[in-house]
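> My file is protein04.txt. It has compact mmCIF, C-alpha atoms:
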```txt
# COMPACT_ATOMS: atom_id res chain seq x y z
CA MET B 121 95.28 41.48 162.79
CA ALA B 122 98.56 40.39 161.31
CA GLN B 123 100.45 41.27 164.45
CA TYR B 124 98.76 38.98 166.87
CA SER B 125 101.00 36.27 168.10
CA GLN B 126 100.49 32.62 167.43
CA ALA B 127 100.82 31.71 171.09
CA ARG B 128 98.10 34.11 172.13
CA PHE B 129 95.78 32.70 169.51
CA ASP B 130 96.33 29.23 170.97
CA VAL B 131 95.57 30.42 174.47
CA SER B 132 92.36 32.11 173.28
CA PHE B 133 90.97 29.01 171.70
CA ALA B 134 91.85 26.91 174.72
CA ALA B 135 90.08 29.48 176.89
CA LEU B 136 86.98 29.33 174.70
CA SER B 137 86.79 25.55 174.62
CA ASP B 138 84.84 25.44 177.88
CA PRO B 139 81.09 26.21 178.09
CA VAL B 140 81.36 27.83 181.52
CA ARG B 141 84.07 30.18 180.30
CA ARG B 142 82.03 31.08 177.21
CA GLY B 143 79.09 31.71 179.53
CA VAL B 144 81.21 33.95 181.73
CA LEU B 145 82.25 35.99 178.69
CA GLU B 146 78.66 36.38 177.59
CA GLN B 147 77.75 37.47 181.08
CA LEU B 148 80.55 40.03 181.14
CA MET B 149 79.53 41.37 177.74
CA ARG B 150 76.33 42.49 179.43
CA ALA B 151 77.83 43.78 182.65
CA ASP B 152 80.84 43.53 184.94
CA ALA B 153 80.43 41.08 187.80
CA SER B 154 82.19 39.95 190.94
CA VAL B 155 83.72 36.49 191.32
CA THR B 156 81.05 35.65 193.89
CA VAL B 157 78.21 36.60 191.57
CA LEU B 158 79.71 34.59 188.71
CA ALA B 159 80.25 31.57 190.95
CA GLU B 160 76.62 31.70 192.07
CA ARG B 161 75.31 32.18 188.57
CA PHE B 162 77.18 29.15 187.27
CA ARG B 163 76.56 27.18 190.46
CA MET B 164 80.22 26.69 191.22
CA THR B 165 82.51 27.08 194.18
CA LEU B 166 84.57 30.24 194.39
CA THR B 167 87.70 28.16 193.82
CA GLY B 168 86.23 26.58 190.71
CA MET B 169 85.23 29.96 189.28
CA ARG B 170 88.64 31.46 190.11
CA LYS B 171 90.25 28.68 188.11
CA HIS B 172 88.12 29.48 185.04
CA LEU B 173 88.79 33.19 185.45
CA GLY B 174 92.51 32.42 185.65
CA VAL B 175 92.37 30.78 182.21
CA LEU B 176 90.40 33.72 180.79
CA GLU B 177 92.85 36.20 182.31
CA GLU B 178 95.77 34.30 180.87
CA ALA B 179 94.17 34.72 177.43
CA LYS B 180 93.59 38.41 178.19
CA LEU B 181 89.88 37.89 177.59
CA VAL B 182 89.05 39.01 181.12
CA THR B 183 90.68 41.32 183.62
CA THR B 184 89.99 41.27 187.33
CA GLU B 185 90.56 43.98 189.84
CA LYS B 186 90.22 43.93 193.59
CA VAL B 187 88.13 46.80 194.89
CA GLY B 188 87.96 46.62 198.68
CA ARG B 189 86.93 43.07 199.46
CA VAL B 190 85.33 42.37 196.13
CA ARG B 191 87.17 41.07 193.09
CA SER B 192 85.46 42.57 190.09
CA CYS B 193 85.66 41.01 186.61
CA ARG B 194 85.24 42.63 183.24
CA LEU B 195 86.07 41.87 179.64
CA GLY B 196 89.77 42.09 178.91
CA PRO B 197 91.50 44.12 176.24
CA ARG B 198 91.70 41.25 173.88
CA ARG B 199 88.05 40.30 173.86
CA LEU B 200 87.10 38.14 170.99
CA GLU B 201 87.40 40.64 168.31
CA GLU B 202 89.97 39.27 165.94
CA GLU B 203 88.74 35.74 165.54
CA ALA B 204 85.08 36.51 165.92
CA GLU B 205 85.16 39.38 163.47
CA TRP B 206 86.83 37.37 160.78
CA ILE B 207 84.49 34.43 161.18
CA GLU B 208 81.46 36.74 161.17
CA ASN B 209 82.65 38.49 158.02
CA TYR B 210 83.19 35.19 156.32
CA ARG B 211 79.78 33.95 157.43
CA GLN B 212 78.16 37.08 156.00
CA LEU B 213 79.86 36.50 152.66
CA TRP B 214 78.40 33.00 152.55
CA ALA B 215 75.00 34.16 153.81
CA ALA B 216 74.84 36.61 150.88
CA ARG B 217 75.90 33.91 148.44
CA PHE B 218 73.35 31.46 149.75
CA ASP B 219 70.56 34.03 149.59
CA ALA B 220 71.41 34.48 145.93
CA LEU B 221 71.58 30.70 145.54
CA ASP B 222 68.00 30.51 146.88
CA THR B 223 66.94 32.67 143.96
CA VAL B 224 68.69 30.43 141.45
CA ILE B 225 67.16 27.34 143.02
CA ASP B 226 63.67 28.86 143.05
CA GLU B 227 64.07 29.45 139.34
CA LEU B 228 65.09 25.80 138.85
CA LYS B 229 62.08 24.64 140.84
CA ARG B 230 59.72 26.78 138.77
CA LYS B 231 61.25 25.53 135.56
CA GLU B 232 60.94 21.94 136.67
CA LYS B 233 57.31 22.44 137.59
CA ARG B 234 56.62 24.00 134.22
CA ASP B 235 58.53 21.55 132.04
CA GLY B 236 58.15 18.43 134.16
CA ARG B 237 61.11 16.72 135.70
CA LYS B 238 63.88 15.65 133.37
CA LYS B 239 65.47 12.23 133.68
CA MET A 299 79.07 33.57 170.31
CA VAL A 300 82.55 33.33 169.06
CA ALA A 301 82.76 30.05 167.33
CA ARG A 302 79.19 30.07 166.13
CA SER A 303 77.03 32.86 164.94
CA GLU A 304 73.86 33.18 162.97
CA SER A 305 72.41 35.58 160.48
CA GLU A 306 69.08 37.31 160.58
CA PRO A 307 66.41 34.80 159.78
CA ALA A 308 65.84 34.67 156.04
CA ALA A 309 62.35 34.80 154.63
CA LEU A 310 61.87 31.07 155.08
CA GLY A 311 63.80 30.78 158.30
CA ASN A 312 66.95 29.38 156.67
CA ARG A 313 70.03 30.74 158.32
CA THR A 314 73.67 30.55 157.46
CA THR A 315 75.76 29.54 160.45
CA SER A 316 79.49 29.38 160.90
CA GLU A 317 81.48 27.42 163.40
CA ARG A 318 85.17 27.07 163.98
CA LYS A 319 85.31 23.38 164.74
CA SER A 320 89.00 23.24 165.54
CA ASP A 321 92.12 25.25 164.85
CA ARG A 322 92.18 23.86 161.29
CA VAL A 323 88.50 23.54 160.38
CA LEU A 324 85.75 26.05 159.66
CA VAL A 325 82.21 24.83 158.99
CA ILE A 326 79.37 26.75 157.30
CA ARG A 327 75.82 25.38 157.27
CA ARG A 328 72.65 26.36 155.44
CA THR A 329 69.34 24.69 154.63
CA PHE A 330 67.61 25.11 151.27
CA ASP A 331 63.94 24.51 150.47
CA ALA A 332 64.69 22.27 147.54
CA PRO A 333 65.81 18.74 146.82
CA ALA A 334 69.54 18.07 146.85
CA ARG A 335 69.72 17.52 143.10
CA LEU A 336 68.68 21.15 142.46
CA VAL A 337 71.15 22.58 144.95
CA PHE A 338 73.86 20.41 143.43
CA GLU A 339 72.87 21.48 139.93
CA ALA A 340 73.08 25.16 140.88
CA TRP A 341 76.52 24.53 142.36
CA THR A 342 78.00 22.55 139.48
CA THR A 343 76.57 24.26 136.38
CA PRO A 344 78.73 27.28 135.44
CA ALA A 345 75.83 29.26 133.97
CA LEU A 346 73.97 28.91 137.27
CA PHE A 347 76.98 29.11 139.57
CA ARG A 348 77.95 32.52 138.27
CA GLN A 349 74.52 33.88 139.18
CA TRP A 350 75.09 33.45 142.90
CA TRP A 351 78.79 33.07 143.77
CA VAL A 352 79.64 36.78 143.71
CA PRO A 353 77.35 38.91 145.86
CA LYS A 354 76.41 41.98 143.83
CA SER A 355 77.09 44.14 146.85
CA SER A 356 80.74 43.10 146.85
CA GLY A 357 81.42 45.28 143.82
CA ALA A 358 83.37 42.41 142.33
CA SER A 359 82.41 40.78 139.07
CA LEU A 360 83.11 37.33 137.81
CA LEU A 361 85.15 37.52 134.60
CA SER A 362 85.24 33.84 133.91
CA CYS A 363 84.11 30.61 135.47
CA GLN A 364 85.26 27.20 134.35
CA GLN A 365 84.19 24.05 136.14
CA ASP A 366 85.06 20.56 134.99
CA VAL A 367 83.11 18.80 137.70
CA ARG A 368 84.53 15.28 137.81
CA VAL A 369 87.20 13.63 139.91
CA GLY A 370 90.54 15.12 138.87
CA GLY A 371 88.83 17.87 136.88
CA SER A 372 89.82 21.46 137.52
CA TYR A 373 88.01 24.73 138.11
CA ARG A 374 89.09 28.31 137.69
CA LEU A 375 87.32 31.52 138.70
CA GLU A 376 88.55 34.98 137.77
CA PHE A 377 87.26 38.13 139.39
CA ALA A 378 87.66 41.81 138.76
CA HIS A 379 87.20 44.40 141.46
CA PRO A 380 87.36 48.18 140.98
CA LYS A 381 89.87 48.36 143.82
CA ALA A 382 92.12 45.61 142.51
CA GLU A 383 94.55 46.43 139.73
CA THR A 384 94.65 42.95 138.30
CA PRO A 385 92.04 40.20 138.23
CA MET A 386 92.11 37.70 141.07
CA ALA A 387 92.05 34.02 140.24
CA PHE A 388 90.87 31.11 142.35
CA PHE A 389 91.56 27.61 141.13
CA GLY A 390 91.99 23.99 142.10
CA ARG A 391 90.89 20.44 141.39
CA TYR A 392 87.95 18.28 142.34
CA LEU A 393 89.02 15.39 144.54
CA GLU A 394 85.59 13.80 144.98
CA VAL A 395 82.38 14.21 143.03
CA VAL A 396 79.29 12.29 144.12
CA PRO A 397 76.28 13.62 142.19
CA ASP A 398 73.62 15.30 144.34
CA SER A 399 75.52 14.45 147.48
CA ARG A 400 79.17 15.46 147.89
CA LEU A 401 81.91 17.65 146.40
CA VAL A 402 85.51 17.94 147.56
CA TRP A 403 87.98 20.33 145.97
CA THR A 404 91.38 21.86 146.56
CA ASN A 405 92.11 25.60 146.74
CA GLU A 406 95.44 26.06 145.04
CA GLU A 407 95.67 29.82 144.55
CA SER A 408 97.77 29.99 147.70
CA ASP A 409 100.29 27.66 149.26
CA ASP A 410 98.71 25.79 152.11
CA GLY A 411 95.20 26.36 150.77
CA ALA A 412 92.29 24.53 152.36
CA VAL A 413 90.52 21.46 151.08
CA THR A 414 86.81 22.23 150.86
CA THR A 415 84.14 19.56 151.35
CA VAL A 416 80.50 20.29 150.63
CA THR A 417 77.81 17.77 151.46
CA PHE A 418 74.15 17.97 150.40
CA GLU A 419 71.84 16.05 152.76
CA GLU A 420 68.24 15.83 151.67
CA LYS A 421 65.44 15.29 154.16
CA ASP A 422 61.74 15.76 153.50
CA GLY A 423 62.43 17.67 150.30
CA ARG A 424 64.80 20.13 151.97
CA THR A 425 68.57 20.08 151.77
CA LEU A 426 71.09 20.76 154.49
CA LEU A 427 74.30 22.01 152.96
CA VAL A 428 77.42 21.64 155.10
CA MET A 429 80.62 23.22 153.85
CA SER A 430 83.78 22.35 155.70
CA GLU A 431 87.17 23.91 155.02
CA LEU A 432 90.14 21.95 156.29
CA TYR A 433 93.46 23.78 156.36
CA PRO A 434 96.69 21.77 156.26
CA SER A 435 97.85 23.38 159.49
CA LYS A 436 96.67 25.81 162.10
CA ARG A 437 99.18 28.31 160.82
CA ALA A 438 97.72 28.03 157.31
CA PHE A 439 94.28 28.85 158.67
CA ASP A 440 95.59 31.84 160.59
CA ILE A 441 97.40 33.11 157.51
CA ALA A 442 94.24 32.74 155.43
CA MET A 443 92.32 34.77 158.00
CA GLU A 444 94.93 37.50 158.00
CA GLY A 445 95.03 37.61 154.21
CA MET A 446 91.31 37.92 153.88
CA ASP A 447 91.09 40.52 156.58
CA GLU A 448 93.55 42.72 154.74
CA ALA A 449 92.12 42.10 151.30
CA MET A 450 88.44 42.39 151.97
CA PRO A 451 87.51 45.12 154.46
CA GLU A 452 85.89 47.42 151.92
CA THR A 453 84.13 44.49 150.39
CA PHE A 454 82.62 43.62 153.72
CA GLU A 455 81.56 47.16 154.41
CA GLN A 456 79.60 47.06 151.19
CA LEU A 457 78.31 43.67 152.09
CA ASP A 458 77.10 44.98 155.43
CA GLU A 459 75.17 47.73 153.69
CA PHE A 460 73.79 45.24 151.26
CA LEU A 461 72.60 42.93 154.00
CA ALA A 462 71.12 45.75 155.99
CA GLY A 463 69.20 47.29 153.14
CA ARG A 464 68.36 44.32 151.04
CA ALA A 465 64.81 43.82 149.87
CA VAL A 466 63.61 40.29 149.23
CA GLY A 467 64.50 39.22 145.74
CA ALA A 468 66.26 42.48 144.99
CA GLN A 469 69.47 40.78 144.00
CA ARG A 470 67.99 38.66 141.26
CA SER A 471 70.37 38.26 138.36
```
As C-alpha cells, what does this structure read like?

Amino acid sequence: MAQYSQARFDVSFAALSDPVRRGVLEQLMRADASVTVLAERFRMTLTGMRKHLGVLEEAKLVTTEKVGRVRSCRLGPRRLEEEAEWIENYRQLWAARFDALDTVIDELKRKEKRDGRKK
Amino acid sequence: MVARSESEPAALGNRTTSERKSDRVLVIRRTFDAPARLVFEAWTTPALFRQWWVPKSSGASLLSCQQDVRVGGSYRLEFAHPKAETPMAFFGRYLEVVPDSRLVWTNEESDDGAVTTVTFEEKDGRTLLVMSELYPSKRAFDIAMEGMDEAMPETFEQLDEFLAGRAVGAQRS
C-alpha cells in the first residue's frame, strides 16, 4: 500500500470519475469482453469506447490484448484493490460503530418512553 | 463500486455507506430510527459515547474518554489494544457545535489530520447522519489511508468475523 505512487493514484481517480468507465469495470469484473461487445453494451461507437479503454489502460485498471481480429479486454493488474479495500474497511468500522449506536439509542428511546420526555 | 459501497442491510434496513467524494473528502452516511436529539445525545455524552465508539470485535478498549462539547472545547480518547505496546490517543477541538444538528471537530493526533463534520438531519422521526472528513490535502488523505492500512489489518480481520457472525443485539454493552 505504501509503495503506490502518487501519480498513479491520480490517474486511477480520474479514470473512475466517468460512469461509463465504472460500468466497463463492473462488466469486466464479471467476464472479459471484446471492444465491440463493450461498445454495444454501452451504446457507443467503437472509437468512443476505445477512448474510454485508453484511459482505463493508462490507469492500469484494464489490459487489452489483440487475439486474431478481436481486441479482448480484461481487468488490469491494478484493479481497484488499494483504494477500494481501504474505503471498505473504514466503512465496516463505522458500520459496526453505528450498529452499536443503534443499541444505545434504543435504550434512550425506551428510557424516554418510560420517564416521559425531559425538557 | 469503488467510491461507494454498502453494508448488509441491518435489521431495520439502515445501511452505512461510504463515498469518496473527492481526493480530499470521504463521506459516511447512516440513518437512525430516532429523532436527532437522541442521536446527538448519544454522540456527545461520554457515558453513552463510550458504549458504541469502540466495536467490541476490534479487541481494543477505551481507557478514557473526555468530551467538552462546546465551541473551542477539546476531546481526548485513549485506547488500549493487546497488540499495541502503548495506548493510542486521539484528540482535537470542537470548531462548531449546534445542538441536535451539527458537530465539527479537528483531529490533531497527526499532522495534517482531517476536519470532521457530522450533521444530523431529522425527517419524520428518523435521522440521517452524514459524516464528512475533509483532509487538508490529497497527500494527507493518502497518508492517512496508508497509516490505517498498516495499523489496523488485524483489527479488521476481527471486525470481519464479528460482522459475519454477529447476532442481533449481541454486542450490547
> Between B:Arg211, B:Glu227, B:Glu232, B:Arg161, which has the minimum distance to chain A (counting all atoms listed in the file)?
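Selected residue with least distance to chain A: B:Arg211.
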> How many Å separate CA of Thr315 in chain A from CA of Leu346 in chain A?
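We find that CA of Thr315 in chain A and CA of Leu346 in chain A lie 23.3 Å from each other.
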> Return the neighbours of chain A among the residues of chain B, cut-off 6 Å, counting all atoms listed in the file, as a list of chain:residue names.
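For chain B, the answer reads B:Ala122, B:Ala204, B:Arg211, B:Ala215, B:Arg217, B:Ala220, B:Leu221.
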> Show which residues sit within 10 Å of His172 in chain B, as a PDB file with C-alpha atoms, in the frame of the given file. Count all atoms listed in the file, and ignore same-chain residues fewer than 5 positions away.

```pdb
ATOM      1  CA  ALA B 135      90.080  29.480 176.890  1.00  0.00           C
ATOM      2  CA  ASP B 138      84.840  25.440 177.880  1.00  0.00           C
ATOM      3  CA  VAL B 140      81.360  27.830 181.520  1.00  0.00           C
ATOM      4  CA  ARG B 141      84.070  30.180 180.300  1.00  0.00           C
ATOM      5  CA  VAL B 144      81.210  33.950 181.730  1.00  0.00           C
ATOM      6  CA  THR B 167      87.700  28.160 193.820  1.00  0.00           C
ATOM      7  CA  GLU B 177      92.850  36.200 182.310  1.00  0.00           C
ATOM      8  CA  GLU B 178      95.770  34.300 180.870  1.00  0.00           C
TER       9      GLU B 178
END
```
> So, with all atoms listed in the file as the atoms that count, which of A:Lys381, A:Lys421, A:Arg368, A:Arg322 lies closest to Thr342 in chain A?
A:Arg368
> Which residues come within 8 Å of Ala153 in chain B, counting all atoms listed in the file, excluding same-chain residues fewer than 5 positions away, as an MDAnalysis selection string?
chainID B and resid 148 158 192:194
> What does the distance between CA of Arg191 in chain B and CA of Val155 in chain B come to in Å, to one decimal place?
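Going from CA of Arg191 in chain B over to CA of Val155 in chain B, I get 6.0 Å.
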> Just how far from CA of Glu376 in chain A is CA of Leu427 in chain A, in Å to one decimal?
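Computing the Euclidean distance for CA of Leu427 in chain A and CA of Glu376 in chain A yields 24.5 Å.
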> I'd like the neighbourhood of range 415-418 of chain A as an NGL selection string, where a residue qualifies if any of its atoms comes within 7 Å (using all atoms listed in the file), though same-chain residues fewer than 2 positions away should be ignored.
:A and (334 or 398-403 or 413 or 420 or 425-431)
> Please produce a file of those selected residues containing C-alpha atoms, as a PDB file, keeping the file's coordinate frame.

```pdb
ATOM      1  CA  ALA A 334      69.540  18.070 146.850  1.00  0.00           C
ATOM      2  CA  ASP A 398      73.620  15.300 144.340  1.00  0.00           C
ATOM      3  CA  SER A 399      75.520  14.450 147.480  1.00  0.00           C
ATOM      4  CA  ARG A 400      79.170  15.460 147.890  1.00  0.00           C
ATOM      5  CA  LEU A 401      81.910  17.650 146.400  1.00  0.00           C
ATOM      6  CA  VAL A 402      85.510  17.940 147.560  1.00  0.00           C
ATOM      7  CA  TRP A 403      87.980  20.330 145.970  1.00  0.00           C
ATOM      8  CA  VAL A 413      90.520  21.460 151.080  1.00  0.00           C
ATOM      9  CA  GLU A 420      68.240  15.830 151.670  1.00  0.00           C
ATOM     10  CA  THR A 425      68.570  20.080 151.770  1.00  0.00           C
ATOM     11  CA  LEU A 426      71.090  20.760 154.490  1.00  0.00           C
ATOM     12  CA  LEU A 427      74.300  22.010 152.960  1.00  0.00           C
ATOM     13  CA  VAL A 428      77.420  21.640 155.100  1.00  0.00           C
ATOM     14  CA  MET A 429      80.620  23.220 153.850  1.00  0.00           C
ATOM     15  CA  SER A 430      83.780  22.350 155.700  1.00  0.00           C
ATOM     16  CA  GLU A 431      87.170  23.910 155.020  1.00  0.00           C
TER      17      GLU A 431
END
```
> Box along x, y and z, 3 Å on every side, all listed atoms of range 419-431 of chain A inside: centre and edge lengths in Å to one decimal, as JSON.

```
{"center_x": 74.5, "center_y": 19.6, "center_z": 153.0, "size_x": 31.4, "size_y": 14.6, "size_z": 11.4}
```
